[in-house]
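Have a look at structure_21.pdb; it's PDB, C-alpha atoms:
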```pdb
MODEL        1
ATOM      1  CA  MET N1448     -23.290  12.901   4.677  1.00  0.00           C
ATOM      2  CA  THR N1449     -21.653  14.109   7.879  1.00  0.00           C
ATOM      3  CA  LYS N1450     -19.746  11.283   9.564  1.00  0.00           C
ATOM      4  CA  LEU N1451     -19.333  11.423  13.330  1.00  0.00           C
ATOM      5  CA  LEU N1452     -17.432   8.942  15.453  1.00  0.00           C
ATOM      6  CA  GLY N1453     -18.501   8.269  19.028  1.00  0.00           C
ATOM      7  CA  ILE N1454     -16.117   6.575  21.448  1.00  0.00           C
ATOM      8  CA  SER N1455     -17.164   5.206  24.821  1.00  0.00           C
ATOM      9  CA  GLY N1456     -14.376   5.533  27.364  1.00  0.00           C
ATOM     10  CA  SER N1457     -15.532   2.578  29.417  1.00  0.00           C
ATOM     11  CA  LEU N1458     -14.748  -1.114  29.170  1.00  0.00           C
ATOM     12  CA  ARG N1459     -17.552  -2.159  31.542  1.00  0.00           C
ATOM     13  CA  HIS N1460     -20.211  -4.345  29.908  1.00  0.00           C
ATOM     14  CA  GLY N1461     -23.079  -2.399  31.528  1.00  0.00           C
ATOM     15  CA  SER N1462     -21.449   0.998  30.992  1.00  0.00           C
ATOM     16  CA  TYR N1463     -23.765   4.005  31.206  1.00  0.00           C
ATOM     17  CA  ASN N1464     -21.524   5.813  28.722  1.00  0.00           C
ATOM     18  CA  SER N1465     -21.773   3.005  26.198  1.00  0.00           C
ATOM     19  CA  ALA N1466     -25.563   3.059  26.699  1.00  0.00           C
ATOM     20  CA  LEU N1467     -25.531   6.830  26.148  1.00  0.00           C
ATOM     21  CA  LEU N1468     -23.556   6.305  22.925  1.00  0.00           C
ATOM     22  CA  ARG N1469     -26.018   3.684  21.680  1.00  0.00           C
ATOM     23  CA  ALA N1470     -28.909   6.049  22.406  1.00  0.00           C
ATOM     24  CA  ALA N1471     -27.126   8.898  20.606  1.00  0.00           C
ATOM     25  CA  VAL N1472     -26.613   6.738  17.491  1.00  0.00           C
ATOM     26  CA  ALA N1473     -30.390   6.361  17.248  1.00  0.00           C
ATOM     27  CA  MET N1474     -30.933  10.135  17.538  1.00  0.00           C
ATOM     28  CA  THR N1475     -28.793  11.442  14.699  1.00  0.00           C
ATOM     29  CA  PRO N1476     -30.507  13.836  12.325  1.00  0.00           C
ATOM     30  CA  GLN N1477     -31.012  13.070   8.656  1.00  0.00           C
ATOM     31  CA  GLY N1478     -27.774  13.296   6.697  1.00  0.00           C
ATOM     32  CA  VAL N1479     -25.643  12.446   9.736  1.00  0.00           C
ATOM     33  CA  GLU N1480     -24.114   9.114  10.700  1.00  0.00           C
ATOM     34  CA  LEU N1481     -22.768   8.479  14.209  1.00  0.00           C
ATOM     35  CA  HIS N1482     -20.558   5.407  14.186  1.00  0.00           C
ATOM     36  CA  PRO N1483     -19.950   3.828  17.631  1.00  0.00           C
ATOM     37  CA  ALA N1484     -16.398   2.795  18.515  1.00  0.00           C
ATOM     38  CA  SER N1485     -14.719   1.135  21.457  1.00  0.00           C
ATOM     39  CA  ILE N1486     -11.364   1.298  23.199  1.00  0.00           C
ATOM     40  CA  ARG N1487     -11.516  -2.405  24.012  1.00  0.00           C
ATOM     41  CA  GLY N1488      -8.315  -4.242  23.112  1.00  0.00           C
ATOM     42  CA  ILE N1489      -6.015  -1.231  23.187  1.00  0.00           C
ATOM     43  CA  PRO N1490      -2.891  -2.142  25.186  1.00  0.00           C
ATOM     44  CA  LEU N1491      -1.203   0.128  27.709  1.00  0.00           C
ATOM     45  CA  TYR N1492       0.990   2.641  25.935  1.00  0.00           C
ATOM     46  CA  ASP N1493       4.636   1.554  25.950  1.00  0.00           C
ATOM     47  CA  ALA N1494       7.203   3.503  23.931  1.00  0.00           C
ATOM     48  CA  ASP N1495       9.350   0.372  23.707  1.00  0.00           C
ATOM     49  CA  VAL N1496       6.485  -1.536  22.076  1.00  0.00           C
ATOM     50  CA  GLU N1497       5.945   1.371  19.697  1.00  0.00           C
ATOM     51  CA  ALA N1498       9.669   1.431  18.809  1.00  0.00           C
ATOM     52  CA  THR N1499       9.956  -2.308  18.219  1.00  0.00           C
ATOM     53  CA  ASP N1500       6.498  -3.315  16.946  1.00  0.00           C
ATOM     54  CA  GLY N1501       4.939  -0.047  15.771  1.00  0.00           C
ATOM     55  CA  ILE N1502       1.341   0.984  16.362  1.00  0.00           C
ATOM     56  CA  PRO N1503      -0.888  -1.957  17.428  1.00  0.00           C
ATOM     57  CA  ASP N1504      -3.614  -2.893  14.937  1.00  0.00           C
ATOM     58  CA  THR N1505      -6.441  -2.006  17.362  1.00  0.00           C
ATOM     59  CA  VAL N1506      -4.962   1.481  17.767  1.00  0.00           C
ATOM     60  CA  ALA N1507      -4.332   1.940  14.040  1.00  0.00           C
ATOM     61  CA  GLN N1508      -7.930   0.990  13.231  1.00  0.00           C
ATOM     62  CA  LEU N1509      -9.406   3.403  15.789  1.00  0.00           C
ATOM     63  CA  LYS N1510      -6.988   6.113  14.722  1.00  0.00           C
ATOM     64  CA  GLU N1511      -8.116   5.827  11.088  1.00  0.00           C
ATOM     65  CA  LEU N1512     -11.765   6.006  12.164  1.00  0.00           C
ATOM     66  CA  VAL N1513     -10.995   9.257  14.001  1.00  0.00           C
ATOM     67  CA  ALA N1514      -9.016  10.642  11.059  1.00  0.00           C
ATOM     68  CA  GLY N1515     -11.840   9.846   8.642  1.00  0.00           C
ATOM     69  CA  ALA N1516     -14.615  11.348  10.764  1.00  0.00           C
ATOM     70  CA  ASP N1517     -15.995  14.867  10.375  1.00  0.00           C
ATOM     71  CA  GLY N1518     -16.409  15.047  14.144  1.00  0.00           C
ATOM     72  CA  LEU N1519     -15.560  13.110  17.286  1.00  0.00           C
ATOM     73  CA  VAL N1520     -17.797  12.579  20.324  1.00  0.00           C
ATOM     74  CA  LEU N1521     -16.173  11.396  23.554  1.00  0.00           C
ATOM     75  CA  PHE N1522     -18.546   9.623  25.958  1.00  0.00           C
ATOM     76  CA  THR N1523     -16.476   9.885  29.117  1.00  0.00           C
ATOM     77  CA  PRO N1524     -16.874   8.254  32.494  1.00  0.00           C
ATOM     78  CA  GLU N1525     -15.294   9.963  35.487  1.00  0.00           C
ATOM     79  CA  TYR N1526     -12.836   8.150  37.734  1.00  0.00           C
ATOM     80  CA  ASN N1527     -11.442   9.885  40.811  1.00  0.00           C
ATOM     81  CA  ASN N1528     -12.634  13.276  39.541  1.00  0.00           C
ATOM     82  CA  SER N1529     -10.819  13.019  36.197  1.00  0.00           C
ATOM     83  CA  ILE N1530     -10.362  11.206  32.885  1.00  0.00           C
ATOM     84  CA  PRO N1531     -10.427   7.395  33.046  1.00  0.00           C
ATOM     85  CA  GLY N1532      -6.918   6.035  32.507  1.00  0.00           C
ATOM     86  CA  VAL N1533      -8.006   3.565  29.823  1.00  0.00           C
ATOM     87  CA  PHE N1534      -9.631   6.339  27.786  1.00  0.00           C
ATOM     88  CA  LYS N1535      -6.654   8.696  28.054  1.00  0.00           C
ATOM     89  CA  ASN N1536      -4.367   5.776  27.185  1.00  0.00           C
ATOM     90  CA  ALA N1537      -6.293   5.185  23.946  1.00  0.00           C
ATOM     91  CA  VAL N1538      -5.958   8.841  22.964  1.00  0.00           C
ATOM     92  CA  ASP N1539      -2.264   8.797  23.888  1.00  0.00           C
ATOM     93  CA  TRP N1540      -1.719   5.820  21.562  1.00  0.00           C
ATOM     94  CA  MET N1541      -3.644   7.556  18.770  1.00  0.00           C
ATOM     95  CA  SER N1542      -1.342  10.573  19.105  1.00  0.00           C
ATOM     96  CA  ARG N1543       1.649   8.444  18.096  1.00  0.00           C
ATOM     97  CA  PRO N1544       3.756   9.174  16.196  1.00  0.00           C
ATOM     98  CA  ALA N1545       3.543  12.832  17.147  1.00  0.00           C
ATOM     99  CA  SER N1546       3.888  13.776  13.486  1.00  0.00           C
ATOM    100  CA  ASP N1547       0.451  12.202  12.913  1.00  0.00           C
ATOM    101  CA  ILE N1548      -1.451  14.361  15.449  1.00  0.00           C
ATOM    102  CA  LYS N1549      -2.433  17.029  12.930  1.00  0.00           C
ATOM    103  CA  ARG N1550      -3.745  14.454  10.429  1.00  0.00           C
ATOM    104  CA  VAL N1551      -5.813  12.611  13.032  1.00  0.00           C
ATOM    105  CA  PHE N1552      -6.935  15.381  15.409  1.00  0.00           C
ATOM    106  CA  GLY N1553      -6.006  18.753  13.884  1.00  0.00           C
ATOM    107  CA  GLY N1554      -9.047  21.017  13.613  1.00  0.00           C
ATOM    108  CA  LYS N1555     -11.356  18.078  14.349  1.00  0.00           C
ATOM    109  CA  PRO N1556     -14.674  19.140  15.919  1.00  0.00           C
ATOM    110  CA  VAL N1557     -14.977  17.354  19.272  1.00  0.00           C
ATOM    111  CA  ALA N1558     -17.811  17.117  21.792  1.00  0.00           C
ATOM    112  CA  VAL N1559     -17.533  15.638  25.273  1.00  0.00           C
ATOM    113  CA  LEU N1560     -20.401  14.279  27.338  1.00  0.00           C
ATOM    114  CA  GLY N1561     -20.791  11.663  29.998  1.00  0.00           C
ATOM    115  CA  ALA N1562     -22.849   9.746  32.485  1.00  0.00           C
ATOM    116  CA  SER N1563     -22.037   8.693  36.016  1.00  0.00           C
ATOM    117  CA  ALA N1564     -23.743   7.160  39.009  1.00  0.00           C
ATOM    118  CA  GLY N1565     -22.707  10.161  41.096  1.00  0.00           C
ATOM    119  CA  GLY N1566     -24.349  13.537  41.428  1.00  0.00           C
ATOM    120  CA  PHE N1567     -21.990  15.564  39.246  1.00  0.00           C
ATOM    121  CA  GLY N1568     -22.445  13.695  35.952  1.00  0.00           C
ATOM    122  CA  THR N1569     -18.770  13.704  34.796  1.00  0.00           C
ATOM    123  CA  VAL N1570     -18.304  17.479  35.009  1.00  0.00           C
ATOM    124  CA  LEU N1571     -14.721  17.129  36.275  1.00  0.00           C
ATOM    125  CA  SER N1572     -13.798  14.517  33.681  1.00  0.00           C
ATOM    126  CA  GLN N1573     -15.196  16.706  30.914  1.00  0.00           C
ATOM    127  CA  ASN N1574     -13.183  19.659  32.190  1.00  0.00           C
ATOM    128  CA  ALA N1575     -10.043  17.493  32.411  1.00  0.00           C
ATOM    129  CA  TRP N1576     -10.345  16.676  28.699  1.00  0.00           C
ATOM    130  CA  LEU N1577      -9.994  20.331  27.672  1.00  0.00           C
ATOM    131  CA  PRO N1578      -6.168  20.624  27.968  1.00  0.00           C
ATOM    132  CA  VAL N1579      -5.788  17.313  26.115  1.00  0.00           C
ATOM    133  CA  LEU N1580      -8.072  18.466  23.304  1.00  0.00           C
ATOM    134  CA  ARG N1581      -6.240  21.811  23.118  1.00  0.00           C
ATOM    135  CA  THR N1582      -2.869  20.040  22.900  1.00  0.00           C
ATOM    136  CA  LEU N1583      -4.137  17.835  20.061  1.00  0.00           C
ATOM    137  CA  GLY N1584      -5.316  20.887  18.117  1.00  0.00           C
ATOM    138  CA  THR N1585      -8.997  19.931  18.074  1.00  0.00           C
ATOM    139  CA  GLU N1586     -11.949  22.295  17.775  1.00  0.00           C
ATOM    140  CA  PRO N1587     -13.999  21.648  20.951  1.00  0.00           C
ATOM    141  CA  TRP N1588     -17.735  22.338  20.787  1.00  0.00           C
ATOM    142  CA  PHE N1589     -19.048  24.456  23.626  1.00  0.00           C
ATOM    143  CA  GLY N1590     -22.579  24.854  22.277  1.00  0.00           C
ATOM    144  CA  GLY N1591     -24.040  22.274  24.624  1.00  0.00           C
ATOM    145  CA  ARG N1592     -23.239  20.428  27.798  1.00  0.00           C
ATOM    146  CA  MET N1593     -24.462  16.974  28.741  1.00  0.00           C
ATOM    147  CA  LEU N1594     -23.885  15.739  32.265  1.00  0.00           C
ATOM    148  CA  VAL N1595     -25.967  12.688  33.134  1.00  0.00           C
ATOM    149  CA  ALA N1596     -25.967  12.374  36.913  1.00  0.00           C
ATOM    150  CA  ARG N1597     -27.380   9.433  38.880  1.00  0.00           C
ATOM    151  CA  ALA N1598     -27.316   7.373  35.700  1.00  0.00           C
ATOM    152  CA  HIS N1599     -28.682   4.305  37.481  1.00  0.00           C
ATOM    153  CA  SER N1600     -32.059   6.111  37.548  1.00  0.00           C
ATOM    154  CA  VAL N1601     -31.826   7.287  33.918  1.00  0.00           C
ATOM    155  CA  PHE N1602     -31.236   3.906  32.239  1.00  0.00           C
ATOM    156  CA  ASP N1603     -33.119   0.641  32.606  1.00  0.00           C
ATOM    157  CA  GLN N1604     -31.427  -2.773  32.955  1.00  0.00           C
ATOM    158  CA  ALA N1605     -31.141  -3.092  29.162  1.00  0.00           C
ATOM    159  CA  GLY N1606     -29.388   0.296  28.878  1.00  0.00           C
ATOM    160  CA  ALA N1607     -32.339   2.223  27.409  1.00  0.00           C
ATOM    161  CA  ILE N1608     -32.968   5.791  28.562  1.00  0.00           C
ATOM    162  CA  VAL N1609     -36.119   5.945  30.699  1.00  0.00           C
ATOM    163  CA  ASP N1610     -35.925   9.657  31.544  1.00  0.00           C
ATOM    164  CA  ASP N1611     -37.707  11.801  28.944  1.00  0.00           C
ATOM    165  CA  GLY N1612     -35.787  14.944  29.929  1.00  0.00           C
ATOM    166  CA  VAL N1613     -32.423  13.239  29.436  1.00  0.00           C
ATOM    167  CA  ARG N1614     -33.608  11.735  26.160  1.00  0.00           C
ATOM    168  CA  GLN N1615     -34.540  15.208  24.848  1.00  0.00           C
ATOM    169  CA  GLN N1616     -31.312  16.726  26.146  1.00  0.00           C
ATOM    170  CA  LEU N1617     -29.301  14.030  24.339  1.00  0.00           C
ATOM    171  CA  ARG N1618     -31.242  14.603  21.120  1.00  0.00           C
ATOM    172  CA  ASP N1619     -30.571  18.361  21.342  1.00  0.00           C
ATOM    173  CA  PHE N1620     -26.884  17.703  22.091  1.00  0.00           C
ATOM    174  CA  VAL N1621     -26.444  15.330  19.141  1.00  0.00           C
ATOM    175  CA  HIS N1622     -28.270  17.642  16.729  1.00  0.00           C
ATOM    176  CA  GLY N1623     -26.336  20.702  17.945  1.00  0.00           C
ATOM    177  CA  PHE N1624     -22.971  18.994  17.602  1.00  0.00           C
ATOM    178  CA  ALA N1625     -23.880  17.594  14.178  1.00  0.00           C
ATOM    179  CA  GLU N1626     -24.602  21.139  12.965  1.00  0.00           C
ATOM    180  CA  PHE N1627     -21.299  22.354  14.411  1.00  0.00           C
ATOM    181  CA  ALA N1628     -19.392  19.512  12.731  1.00  0.00           C
ATOM    182  CA  LYS N1629     -21.064  20.273   9.378  1.00  0.00           C
ATOM    183  CA  ARG N1630     -20.019  23.927   9.601  1.00  0.00           C
ATOM    184  CA  THR N1631     -16.502  23.089  10.799  1.00  0.00           C
ATOM    185  CA  LYS N1632     -15.667  20.254   8.383  1.00  0.00           C
ATOM    186  CA  THR N1633     -11.898  19.975   8.071  1.00  0.00           C
TER     187      THR N1633
ENDMDL
END
```
Whole structure, structure tokens version:
Amino acid sequence: MTKLLGISGSLRHGSYNSALLRAAVAMTPQGVELHPASIRGIPLYDADVEATDGIPDTVAQLKELVAGADGLVLFTPEYNNSIPGVFKNAVDWMSRPASDIKRVFGGKPVAVLGASAGGFGTVLSQNAWLPVLRTLGTEPWFGGRMLVARAHSVFDQAGAIVDDGVRQQLRDFVHGFAEFAKRTKT
């Protein structure tokens, strides 16, 4: 069984990226599990808190999910043409202590996709993740690209995909990344 972990980088209840993650979970091929995770409850990174209290439980739990996965899928919104602060903050916490980066992220296959209400579908946010993923020593997957633009027309009120083209593109993306993660198992 190939175990993938998907993390939505949004805290918004009606998040298009969380809806995209839920749809992706339902599209995994046989022999692959995509577990959905959230960044909800992760506090702002504070080195003083880390020094006095250690790693918060919410961070430690998410960090262990990442470490135990065969691959990581980041469902990223785009804020001000870049990575959402809350999402980057979660990854920053998970990179602490620095001596743990290799265990958690080293060689980990990672895919990035996203949905936005705008016309560019998170292209700049996805690009902004690349130096972060390189620094963490991950193995980014470049075999597919998923940019869901004008997401308000792609999802219904319940968060289900109503666009057949996007649904097929997501299925192809999930299957392609699952194959990559199987071949790249760390």
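Taking only C-alpha atoms into account, the polymer residues that have an atom no farther than 10 Å from (-5.5, 17.5, 18.9) are Val1538, Ser1542, Asp1547, Ile1548, Lys1549, Arg1550, Val1551, Phe1552, Gly1553, Gly1554, Lys1555, Pro1556, Val1557, Pro1578, Val1579, Leu1580, Arg1581, Thr1582, Leu1583, Gly1584, Thr1585, Glu1586 and Pro1587 of chain N.
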Exercise for the section: For the file shown, report as a PyMOL selection string the outcome of the PyMOL selection byres ((chain N and resi 1593) around 10) at residue level. Expected result: chain N and resi 1522+1558-1562+1568-1570+1573+1591-1592+1594-1596+1613+1616-1617+1619-1621
Problem - Distance in Å - CA of Ser1572 (chain N) versus CA of Val1609 (chain N) - result: 24.1 Å
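Counting all atoms listed in the file, Gly1590 (chain N) has the following residues at most 9 Å away, ignoring those fewer than 4 positions along the same chain: Phe1620, Gly1623, Phe1624 and Phe1627 of chain N.
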Problem - Straight-line distance linking CA of Leu1451 (chain N) with CA of Arg1543 (chain N), stated in Å to one decimal - result: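 Calculated distance between CA of Leu1451 (chain N) and CA of Arg1543 (chain N) is 21.7 Å.
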Practice task
For the structure shown, which residues end up in the PyMOL selection byres ((chain N and resi 1525) around 8)? Put them as a list in words, please?
Solution key: Thr1523, Pro1524, Tyr1526, Asn1527, Asn1528, Ser1529, Ile1530, Pro1531, Gly1561, Ser1563, Thr1569, Leu1571 and Ser1572 of chain N
For the structure shown, which residues end up in the PyMOL selection byres ((chain N and resi 1466) around 9)? Put them as a PDB file with C-alpha atoms, keeping the file's coordinate frame, please?
```pdb
ATOM      1  CA  SER N1455     -17.164   5.206  24.821  1.00  0.00           C
ATOM      2  CA  GLY N1461     -23.079  -2.399  31.528  1.00  0.00           C
ATOM      3  CA  SER N1462     -21.449   0.998  30.992  1.00  0.00           C
ATOM      4  CA  TYR N1463     -23.765   4.005  31.206  1.00  0.00           C
ATOM      5  CA  ASN N1464     -21.524   5.813  28.722  1.00  0.00           C
ATOM      6  CA  SER N1465     -21.773   3.005  26.198  1.00  0.00           C
ATOM      7  CA  LEU N1467     -25.531   6.830  26.148  1.00  0.00           C
ATOM      8  CA  LEU N1468     -23.556   6.305  22.925  1.00  0.00           C
ATOM      9  CA  ARG N1469     -26.018   3.684  21.680  1.00  0.00           C
ATOM     10  CA  ALA N1470     -28.909   6.049  22.406  1.00  0.00           C
ATOM     11  CA  ALA N1471     -27.126   8.898  20.606  1.00  0.00           C
ATOM     12  CA  PHE N1602     -31.236   3.906  32.239  1.00  0.00           C
ATOM     13  CA  ALA N1605     -31.141  -3.092  29.162  1.00  0.00           C
ATOM     14  CA  GLY N1606     -29.388   0.296  28.878  1.00  0.00           C
ATOM     15  CA  ALA N1607     -32.339   2.223  27.409  1.00  0.00           C
ATOM     16  CA  ILE N1608     -32.968   5.791  28.562  1.00  0.00           C
TER      17      ILE N1608
END
```
Problem - Who sits within 9 Å of Leu1509 (chain N), only C-alpha atoms, same chain under 6 positions skipped, as a list in words - result: Ala1484, Ser1485, Ile1486, Ala1537 and Met1541 of chain N
Given the selection you just returned, output its residues as a file containing C-alpha atoms, formatted as a compact mmCIF listing (two decimals), in the coordinates of the input.
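Done, and the output landed in part_26.txt:
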```txt
# COMPACT_ATOMS: atom_id res chain seq x y z
CA ALA N 1484 -16.40 2.80 18.52
CA SER N 1485 -14.72 1.14 21.46
CA ILE N 1486 -11.36 1.30 23.20
CA ALA N 1537 -6.29 5.18 23.95
CA MET N 1541 -3.64 7.56 18.77
```
Exercise for the section: Kindly give the distance, in Å, that separates CA of Asp1500 (chain N) and CA of Val1520 (chain N), rounded to a single decimal. Expected result: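 Spanning CA of Asp1500 (chain N) to CA of Val1520 (chain N) is a straight-line distance of 29.2 Å.
Residue nearest Thr1449 (chain N) within the list N:Ile1489, N:Ile1502, N:Ala1494, N:Ala1516: N:Ala1516 [criterion: smallest interatomic distance, only C-alpha atoms].
Counting only C-alpha atoms, the residue from N:Ser1600, N:Asn1574, N:Asn1536, N:Ser1546 that sits nearest to Tyr1492 (chain N) is N:Asn1536.
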Quick one: region 1507-1521 of chain N with N, CA and C atoms, as a short mmCIF file (atom, residue, chain, number, x, y, z; two decimals), in the frame of the given file?
```
data_model
loop_
_atom_site.label_atom_id
_atom_site.label_comp_id
_atom_site.auth_asym_id
_atom_site.auth_seq_id
_atom_site.Cartn_x
_atom_site.Cartn_y
_atom_site.Cartn_z
N ALA N 1507 -4.36 1.44 15.42
CA ALA N 1507 -4.33 1.94 14.04
C ALA N 1507 -5.75 2.01 13.46
N GLN N 1508 -6.56 1.00 13.75
CA GLN N 1508 -7.93 0.99 13.23
C GLN N 1508 -8.75 2.13 13.83
N LEU N 1509 -8.66 2.32 15.14
CA LEU N 1509 -9.41 3.40 15.79
C LEU N 1509 -8.90 4.76 15.32
N LYS N 1510 -7.61 4.86 15.18
CA LYS N 1510 -6.99 6.11 14.72
C LYS N 1510 -7.50 6.50 13.34
N GLU N 1511 -7.62 5.54 12.43
CA GLU N 1511 -8.12 5.83 11.09
C GLU N 1511 -9.60 6.20 11.10
N LEU N 1512 -10.36 5.61 12.03
CA LEU N 1512 -11.76 6.01 12.16
C LEU N 1512 -11.86 7.47 12.60
N VAL N 1513 -11.01 7.86 13.55
CA VAL N 1513 -11.00 9.26 14.00
C VAL N 1513 -10.58 10.17 12.85
N ALA N 1514 -9.52 9.81 12.16
CA ALA N 1514 -9.02 10.64 11.06
C ALA N 1514 -10.06 10.82 9.96
N GLY N 1515 -10.86 9.80 9.71
CA GLY N 1515 -11.84 9.85 8.64
C GLY N 1515 -13.17 10.48 9.02
N ALA N 1516 -13.35 10.78 10.30
CA ALA N 1516 -14.62 11.35 10.76
C ALA N 1516 -14.63 12.87 10.62
N ASP N 1517 -15.81 13.41 10.42
CA ASP N 1517 -16.00 14.87 10.38
C ASP N 1517 -16.08 15.46 11.78
N GLY N 1518 -16.32 14.61 12.76
CA GLY N 1518 -16.41 15.05 14.14
C GLY N 1518 -16.27 13.86 15.08
N LEU N 1519 -15.82 14.14 16.29
CA LEU N 1519 -15.56 13.11 17.29
C LEU N 1519 -16.35 13.43 18.55
N VAL N 1520 -17.03 12.41 19.10
CA VAL N 1520 -17.80 12.58 20.32
C VAL N 1520 -17.23 11.62 21.37
N LEU N 1521 -16.74 12.19 22.47
CA LEU N 1521 -16.17 11.40 23.55
C LEU N 1521 -17.22 11.21 24.65
#
```
